[in-house]
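As provided, query-v2.txt (compact mmCIF, C-alpha atoms) reads as follows.
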```
# COMPACT_ATOMS: atom_id res chain seq x y z
CA MET A 14 95.90 88.57 162.24
CA LYS A 15 99.15 89.01 160.34
CA ARG A 16 98.86 85.47 158.97
CA LEU A 17 95.27 86.16 157.84
CA LEU A 18 96.30 89.35 156.00
CA THR A 19 99.11 87.45 154.26
CA LEU A 20 96.65 84.75 153.15
CA ILE A 21 94.20 87.35 151.78
CA ALA A 22 97.00 89.12 149.87
CA THR A 23 98.17 85.80 148.38
CA VAL A 24 94.63 84.94 147.19
CA MET A 25 94.23 88.40 145.63
CA LEU A 26 97.57 88.07 143.83
CA LEU A 27 96.61 84.63 142.43
CA SER A 28 93.26 86.03 141.26
CA ILE A 29 94.96 88.90 139.43
CA THR A 30 97.42 86.49 137.79
CA ALA A 31 94.61 84.19 136.67
CA CYS A 32 92.67 87.12 135.18
CA ALA A 33 95.76 88.33 133.34
CA THR A 34 96.38 84.87 131.93
CA GLN A 35 92.78 84.54 130.78
CA GLU A 36 92.93 88.00 129.19
CA THR A 37 96.08 87.02 127.30
CA LYS A 38 94.43 83.89 125.97
CA GLN A 39 91.36 85.79 124.84
CA GLY A 40 93.42 88.56 123.27
CA ALA A 41 95.58 86.06 121.41
CA THR A 42 92.59 84.75 119.49
CA GLN A 43 91.77 88.24 118.20
CA MET A 44 94.94 88.43 116.15
CA GLN A 45 96.01 90.97 113.60
CA LEU A 46 98.33 90.24 110.71
CA THR A 47 101.84 90.20 112.18
CA PRO A 48 104.69 92.09 110.48
CA ASP A 49 106.40 88.77 109.79
CA TYR A 50 103.83 88.06 107.06
CA GLY A 51 104.60 91.30 105.25
CA ASN A 52 101.88 93.28 103.51
CA LYS A 53 100.96 90.57 101.03
CA PRO A 54 100.83 87.08 102.57
CA SER A 55 100.91 84.26 100.09
CA TYR A 56 100.23 80.53 100.39
CA ARG A 57 101.18 77.51 98.31
CA LEU A 58 101.26 73.73 98.49
CA HIS A 59 104.60 72.00 98.05
CA ILE A 60 103.92 68.51 96.69
CA GLU A 61 106.30 65.58 96.28
CA GLY A 62 105.57 61.90 95.92
CA PHE A 63 106.38 58.54 94.39
CA GLY A 64 104.87 55.10 93.94
CA ASP A 65 101.10 55.55 94.16
CA TYR A 66 98.25 57.35 92.48
CA ILE A 67 97.91 60.61 94.41
CA GLN A 68 95.27 63.34 94.71
CA VAL A 69 95.67 66.54 96.74
CA PHE A 70 92.70 68.61 97.94
CA PHE A 71 92.47 71.91 99.76
CA ASN A 72 89.15 72.96 101.27
CA GLY A 73 87.38 70.39 99.12
CA SER A 74 88.87 71.51 95.79
CA GLU A 75 91.27 69.24 93.92
CA MET A 76 94.60 71.03 93.59
CA PHE A 77 96.69 68.28 92.01
CA TYR A 78 96.61 64.68 90.88
CA ASP A 79 99.10 62.30 89.33
CA PHE A 80 98.30 58.75 88.26
CA SER A 81 101.68 57.91 86.74
CA ARG A 82 103.21 56.39 89.89
CA SER A 83 106.46 58.08 88.90
CA GLN A 84 108.20 60.65 91.07
CA VAL A 85 106.51 64.06 91.11
CA ILE A 86 107.45 67.44 92.54
CA THR A 87 105.42 70.61 92.09
CA VAL A 88 104.27 73.80 93.78
CA TYR A 89 100.67 74.99 93.57
CA PRO A 90 99.48 78.47 94.73
CA ILE A 91 96.34 78.37 96.89
CA ASN A 92 95.76 82.02 97.85
CA ASN A 93 92.20 81.96 96.56
CA TYR A 94 91.33 78.87 98.59
CA VAL A 95 92.65 79.91 102.01
CA THR A 96 89.93 81.14 104.35
CA THR A 97 89.67 82.61 107.82
CA GLY A 98 89.04 79.84 110.32
CA GLU A 99 89.43 76.16 109.51
CA ASN A 100 91.13 74.99 106.32
CA GLU A 101 91.39 71.34 105.33
CA LEU A 102 94.36 69.73 103.63
CA LYS A 103 93.64 66.24 102.28
CA VAL A 104 95.81 63.74 100.43
CA ARG A 105 94.30 60.62 98.87
CA LEU A 106 96.27 57.60 97.71
CA VAL A 107 94.54 55.24 95.28
CA ALA A 108 95.47 51.60 94.69
CA PRO A 109 93.97 50.89 91.23
CA LYS A 110 92.44 47.70 89.93
CA LYS A 111 95.25 47.10 87.45
CA PHE A 112 97.65 46.75 90.40
CA ASN A 113 95.23 44.38 92.11
CA TYR A 114 94.21 47.17 94.53
CA ARG A 115 97.62 47.08 96.19
CA PHE A 116 99.61 50.09 97.38
CA ASN A 117 103.28 50.42 96.59
CA PRO A 118 105.17 49.17 99.69
CA LYS A 119 107.85 51.79 98.95
CA GLY A 120 105.46 54.63 98.15
CA TRP A 121 105.83 57.99 99.87
CA PHE A 122 104.68 61.60 99.66
CA LYS A 123 105.27 65.01 101.26
CA VAL A 124 102.54 67.64 100.96
CA SER A 125 103.21 70.85 102.90
CA LEU A 126 101.47 74.18 103.27
CA GLU A 127 104.01 76.97 102.84
CA VAL A 128 103.62 80.65 103.71
CA ARG A 129 105.78 83.44 102.32
CA ASP A 130 107.07 85.71 105.07
CA ALA A 131 108.10 89.36 104.99
CA SER A 132 111.66 88.48 103.96
CA GLY A 133 110.36 86.68 100.87
CA SER A 134 111.23 83.22 102.17
CA TRP A 135 108.79 80.31 102.02
CA GLN A 136 108.20 78.76 105.43
CA ARG A 137 106.58 75.36 105.95
CA LEU A 138 103.68 75.25 108.36
CA GLY A 139 101.31 72.30 108.14
CA GLY A 140 102.13 69.18 106.24
CA ILE A 141 101.35 65.53 105.76
CA VAL A 142 104.36 63.27 105.29
CA TYR A 143 103.86 59.58 104.57
CA ASP A 144 106.37 56.76 104.11
CA ALA A 145 104.85 53.32 103.54
CA ALA A 146 108.12 51.56 104.38
CA ALA A 147 108.50 53.22 107.80
CA LYS A 148 107.31 51.65 111.07
CA ALA A 149 105.42 54.89 111.84
CA PRO A 150 104.39 56.08 108.33
CA LEU A 151 103.15 59.52 109.49
CA LYS A 152 105.92 60.23 111.99
CA ASN A 153 107.38 63.20 110.09
CA SER A 154 104.08 65.04 109.55
CA ALA A 155 103.60 68.49 111.09
CA HIS A 156 102.97 68.23 114.82
CA GLU A 157 99.70 69.26 116.40
CA GLY A 158 99.68 72.66 118.13
CA TYR A 159 99.84 76.44 117.81
CA TYR A 160 102.47 78.17 115.69
CA THR A 161 103.81 81.68 115.22
CA LEU A 162 105.88 82.98 112.29
CA GLU A 163 109.25 84.69 112.57
CA ALA A 164 110.49 86.27 109.35
CA GLY A 165 113.41 84.36 107.90
CA LYS A 166 113.30 81.76 110.68
CA GLY A 167 110.05 79.95 110.01
CA PHE A 168 107.27 78.78 112.29
CA LYS A 169 107.85 77.92 115.92
CA PRO A 170 105.42 76.19 118.32
CA VAL A 171 103.91 78.31 121.08
CA ALA A 172 101.68 77.51 124.04
CA LEU A 173 98.83 79.93 123.36
CA PRO A 174 96.59 80.45 120.29
CA SER A 175 98.58 82.28 117.67
CA GLU A 176 98.64 82.98 113.91
CA ALA A 177 98.03 79.34 113.07
CA GLU A 178 96.82 76.11 114.61
CA VAL A 179 97.66 72.70 113.15
CA SER A 180 95.73 69.52 113.92
CA LYS A 181 96.95 65.95 114.11
CA VAL A 182 96.81 64.05 110.82
CA LYS A 183 93.88 61.65 110.52
CA MET A 184 94.00 58.60 108.27
CA GLU A 185 91.03 56.69 106.86
CA GLN A 186 91.11 53.67 104.57
CA LYS A 187 88.18 52.82 102.32
CA GLU A 188 87.63 49.60 100.42
CA LYS A 189 84.26 50.42 98.90
CA ARG A 190 82.62 53.54 97.54
CA ASN A 191 79.05 53.45 96.22
CA ARG A 192 79.25 49.63 96.42
CA VAL A 193 82.21 49.62 94.05
CA LYS A 194 85.44 47.98 95.18
CA ILE A 195 88.26 50.46 95.69
CA ASN A 196 91.27 50.80 97.94
CA THR A 197 92.12 54.31 99.09
CA LYS A 198 93.90 55.93 101.99
CA GLU A 199 92.85 59.48 102.89
CA PHE A 200 95.03 61.67 105.10
CA THR A 201 93.46 64.83 106.51
CA GLN A 202 94.87 67.76 108.45
CA THR A 203 93.06 70.89 109.65
CA LEU A 204 94.85 74.26 109.66
CA THR A 205 93.15 77.15 111.43
CA PHE A 206 93.89 80.81 110.72
CA PRO A 207 91.95 83.07 113.11
CA THR A 208 93.27 86.19 111.35
CA PRO A 209 91.24 87.31 108.32
CA PHE A 210 93.28 87.01 105.13
CA PRO A 211 91.24 88.61 102.32
CA ARG A 212 92.34 87.27 98.97
CA TRP A 213 92.96 90.78 97.66
CA LYS A 214 95.97 91.05 99.93
CA PHE A 215 97.54 88.38 97.75
CA LEU A 216 97.61 90.53 94.63
CA ASP A 217 101.09 91.92 94.19
CA SER A 218 99.90 95.46 93.60
CA GLU A 219 99.43 98.77 95.36
CA ASP A 220 96.13 100.15 96.55
CA ILE A 221 94.59 102.35 93.87
CA VAL A 222 93.21 105.04 96.19
CA GLU A 223 92.84 105.53 99.90
CA GLU A 224 89.52 107.35 99.57
CA ASP A 225 86.16 105.66 99.27
CA ILE A 226 84.97 107.05 95.94
CA GLU A 227 81.35 106.51 96.95
CA THR A 228 81.73 109.27 99.54
CA LEU A 229 83.61 111.78 97.36
CA THR A 230 82.00 115.01 96.22
CA SER A 231 81.86 115.73 92.49
CA ASP A 232 84.87 118.05 92.77
CA GLU A 233 86.89 115.49 94.76
CA TYR A 234 86.01 112.77 92.26
CA GLU A 235 87.04 114.92 89.30
CA LYS A 236 90.32 115.80 91.02
CA LEU A 237 91.00 112.08 91.49
CA ARG A 238 90.09 111.37 87.86
CA GLN A 239 92.56 114.00 86.69
CA SER A 240 95.38 112.61 88.82
CA PRO A 241 98.37 111.16 86.91
CA LYS A 242 97.62 107.62 88.11
CA MET A 243 94.02 107.62 86.91
CA GLN A 244 94.90 109.35 83.66
CA LYS A 245 97.24 106.44 83.01
CA LEU A 246 94.17 104.21 83.29
CA TYR A 247 92.61 106.13 80.39
CA ASP A 248 95.91 105.75 78.50
CA ALA A 249 95.73 101.98 79.04
CA TYR A 250 92.23 101.83 77.57
CA GLU A 251 93.27 103.93 74.59
CA GLU A 252 96.18 101.56 73.96
CA ALA A 253 93.90 98.51 74.16
CA ASN A 254 91.49 100.05 71.66
CA ARG A 255 94.35 101.04 69.35
CA LEU A 256 95.68 97.47 69.28
CA ILE A 257 92.22 96.06 68.56
CA LYS A 258 91.55 98.62 65.83
CA ASN A 259 94.86 97.74 64.14
CA LYS A 260 94.05 94.02 64.56
CA ASP A 261 97.24 93.58 66.54
CA TYR A 262 95.86 90.62 68.47
CA ALA A 263 99.24 89.49 69.73
CA GLY A 264 99.86 92.95 71.17
CA PHE A 265 96.47 92.94 72.88
CA GLU A 266 97.14 89.51 74.36
CA LYS A 267 100.38 90.80 75.86
CA LEU A 268 98.41 93.31 77.92
CA TYR A 269 97.54 90.36 80.16
CA ASP A 270 100.90 90.63 81.89
CA GLU A 271 99.92 88.99 85.15
CA TYR A 272 101.74 86.92 87.72
CA THR A 273 100.59 83.35 87.24
CA THR A 274 101.27 82.45 90.84
CA GLU A 275 99.24 85.29 92.32
CA ALA A 276 96.63 87.29 90.44
CA ALA A 277 95.71 84.62 87.91
CA ILE A 278 95.22 82.02 90.60
CA ALA A 279 93.08 84.47 92.55
CA TRP A 280 90.73 84.44 89.57
CA ARG A 281 90.88 80.62 89.33
CA VAL A 282 91.64 80.94 85.60
CA PRO A 283 95.18 80.56 84.19
CA LYS A 284 96.28 83.85 82.66
CA GLU A 285 97.28 82.19 79.38
CA LYS A 286 93.83 80.71 78.90
CA MET A 287 92.09 83.94 79.85
CA ALA A 288 94.17 86.07 77.49
CA LYS A 289 93.85 83.66 74.58
CA GLU A 290 90.10 83.18 74.96
CA ASN A 291 89.34 86.90 75.21
CA THR A 292 91.61 87.68 72.27
CA LYS A 293 90.09 84.87 70.21
CA ARG A 294 86.60 86.19 70.90
CA LEU A 295 87.54 89.72 69.84
CA LYS A 296 89.24 88.43 66.72
CA GLY A 297 86.21 86.36 65.81
CA TYR A 298 83.89 89.36 65.86
CA LEU A 299 86.22 91.65 63.95
CA GLU A 300 87.33 89.12 61.34
CA SER A 301 83.70 88.23 60.59
CA GLY A 302 83.25 91.68 59.07
CA GLN A 303 79.91 92.07 60.84
CA TYR A 304 81.17 94.21 63.73
CA GLU A 305 83.04 97.48 64.04
CA LEU A 306 84.98 98.82 67.00
CA LEU A 307 83.56 102.00 68.48
CA PRO A 308 86.12 104.69 69.40
CA PHE A 309 87.08 105.04 73.06
CA ASP A 310 85.76 108.25 74.58
CA ARG A 311 88.52 109.71 76.74
CA THR A 312 86.16 112.37 78.08
CA LYS A 313 84.02 109.63 79.63
CA LYS A 314 83.83 110.69 83.24
CA TYR A 315 83.03 107.67 85.32
CA PHE A 316 85.37 104.93 86.33
CA PHE A 317 84.80 102.43 89.11
CA ILE A 318 86.99 100.84 91.73
CA GLU A 319 86.00 97.45 93.07
CA GLU A 320 85.68 96.90 96.81
CA ASN A 321 89.06 95.18 96.95
CA ARG A 322 90.61 98.54 95.97
CA LYS A 323 92.94 96.75 93.59
CA ILE A 324 90.94 96.71 90.37
CA ALA A 325 89.64 99.71 88.38
CA TYR A 326 87.60 99.80 85.20
CA ILE A 327 85.66 102.07 82.87
CA PRO A 328 82.32 100.53 81.78
CA ASN A 329 81.84 99.88 78.05
CA SER A 330 85.42 100.92 77.41
CA ILE A 331 85.84 98.33 74.64
CA LYS A 332 82.66 98.14 72.62
CA LEU A 333 81.77 96.51 69.29
CA LYS A 334 78.68 97.36 67.26
CA LYS A 335 77.06 95.06 64.75
CA LYS A 336 76.76 96.84 61.44
CA GLY A 337 73.29 97.98 60.49
CA VAL A 338 71.57 97.06 63.79
CA ASP A 339 71.60 98.19 67.42
CA LEU A 340 73.45 95.14 68.70
CA TYR A 341 76.57 95.57 70.81
CA GLN A 342 79.29 93.43 72.36
CA ASP A 343 80.92 94.97 75.43
CA TYR A 344 84.31 94.15 76.95
CA ASP A 345 84.51 95.53 80.48
CA ALA A 346 88.27 95.16 80.63
CA LYS A 347 89.58 95.60 84.17
CA PHE A 348 93.04 96.75 85.21
CA ARG A 349 95.18 96.64 88.32
CA TRP A 350 97.92 99.08 89.32
CA ASP A 351 101.35 97.50 89.82
CA GLY A 352 103.05 100.62 91.15
CA ASN A 353 104.05 102.04 87.76
CA ARG A 354 101.45 101.03 85.21
CA TRP A 355 98.05 99.48 84.70
CA ILE A 356 97.95 95.78 83.81
CA LEU A 357 94.96 94.13 82.16
CA THR A 358 93.64 91.61 84.67
CA ARG A 359 90.40 90.28 83.20
```

In structure tokens, what does this structure look like?
Amino acid sequence: MKRLLTLIATVMLLSITACATQETKQGATQMQLTPDYGNKPSYRLHIEGFGDYIQVFFNGSEMFYDFSRSQVITVYPINNYVTTGENELKVRLVAPKKFNYRFNPKGWFKVSLEVRDASGSWQRLGGIVYDAAAKAPLKNSAHEGYYTLEAGKGFKPVALPSEAEVSKVKMEQKEKRNRVKINTKEFTQTLTFPTPFPRWKFLDSEDIVEEDIETLTSDEYEKLRQSPKMQKLYDAYEEANRLIKNKDYAGFEKLYDEYTTEAAIAWRVPKEKMAKENTKRLKGYLESGQYELLPFDRTKKYFFIEENRKIAYIPNSIKLKKKGVDLYQDYDAKFRWDGNRWILTR
């Protein structure tokens, strides 16, 4: 009888342990953003290579290419391309016709996904490393498995699902495409992030408000509008209109004081191009003599905050009217709060 009771107790204990283990595995896949990522996680590709034509893709979009065959080294931000779930990193080498479709026997490349941790350091996670001269050309690529991030120390492999999962690198060689002779090698690696990383976390700015303005009463909304932070938004619009009125186009262009590696990439448009094109368009209307700038109405009540809670704007805040007719050109300039001031974003 004693032996039977011992056996029953042992079975019960094993059952409890198994349930606890299963619960841990299930819970691990429902991850929240760990403190080691900080409040604003950021991603980039670190690219180096030599000897072959190279193309780098992330989630199907071409991030970088170089057909010089000379040594290259660059960093490319990819915040706007990272998604929850599976992400695909692909590197393509091309052996062109003018080199008789031959790869460089000494060619190599290193393409790594890097994540900025809470300490501000960039930590390498996934990566495809290739050395044509080595016996095992892909030996130094990131190893398959689960990884967790420790601030200042980098990623370490763990046994259970964690903040990231890296797949084994796959290589495929193609000699024809659409019946045309080519010679390419494609290296693919899958990186899985179960935790949602909305792109608005990548903007290096503070939240504008904690309240949902859609639920505010008229009195609460007006109180928010009269707050020092939101009054500075009206100041920013007045300044933009003043610069345009005085035809200070260079001053207006400087309002686009964004971080190229973060906010501008999130919009997929380089800040320099965005600022120059918008300024050029404004200048074209004003210099034509056919349009006049309407004054900014500071008493205008309504402003809007986009769902990301990073961008605020006042509709029709910059408005041009064609002389003699009811034809208007609107500039819905949008600003983000950087902790001290409003910066023109788009």

Smallest atom-to-atom distance to Ser231 in chain A: which of A:Arg354, A:Lys314, A:His59, A:Arg105, using only C-alpha atoms?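 Closest residue, counting only C-alpha atoms: A:Lys314.
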
Please, which residues in range 103-194 of chain A fall within 6 Å of range 63-78 of chain A when counting only C-alpha atoms, and what is the closest atom pair and distance in Å to one decimal for each, ordered by chain then residue number, as CSV?
```
residue,atom,partner,partner_atom,distance
A:Lys103,CA,A:Phe70,CA,5.0
A:Val104,CA,A:Val69,CA,4.6
A:Arg105,CA,A:Gln68,CA,5.1
A:Leu106,CA,A:Ile67,CA,4.8
A:Val107,CA,A:Tyr66,CA,5.1
A:Asn117,CA,A:Gly64,CA,5.6
A:Gly120,CA,A:Gly64,CA,4.3
A:Trp121,CA,A:Phe63,CA,5.5
```

Among the residues A:Pro308, A:Ser301, A:Lys245, A:Thr96, the one that comes closest to Thr203 in chain A [using only C-alpha atoms]: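 Of A:Pro308, A:Ser301, A:Lys245, A:Thr96, the one nearest Thr203 in chain A is A:Thr96, counting only C-alpha atoms.
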
Excluding same-chain residues fewer than 4 positions from Val182 in chain A, what lies within 7 Å of it counting only C-alpha atoms, as a ChimeraX atom specification? /A:141,200-202

Counting all atoms listed in the file, the residue among A:Pro90, A:Gly133, A:Pro150, A:Gly98 that lies closest to Pro118 in chain A is A:Pro150

Fewer than 4 positions away in the same chain doesn't count, so skip those; otherwise give me all residues within 10 Å of Phe265 in chain A, counting all atoms listed in the file, as an NGL selection string. :A and (252-257 or 260-261 or 269 or 288-289 or 291-292 or 295 or 357)
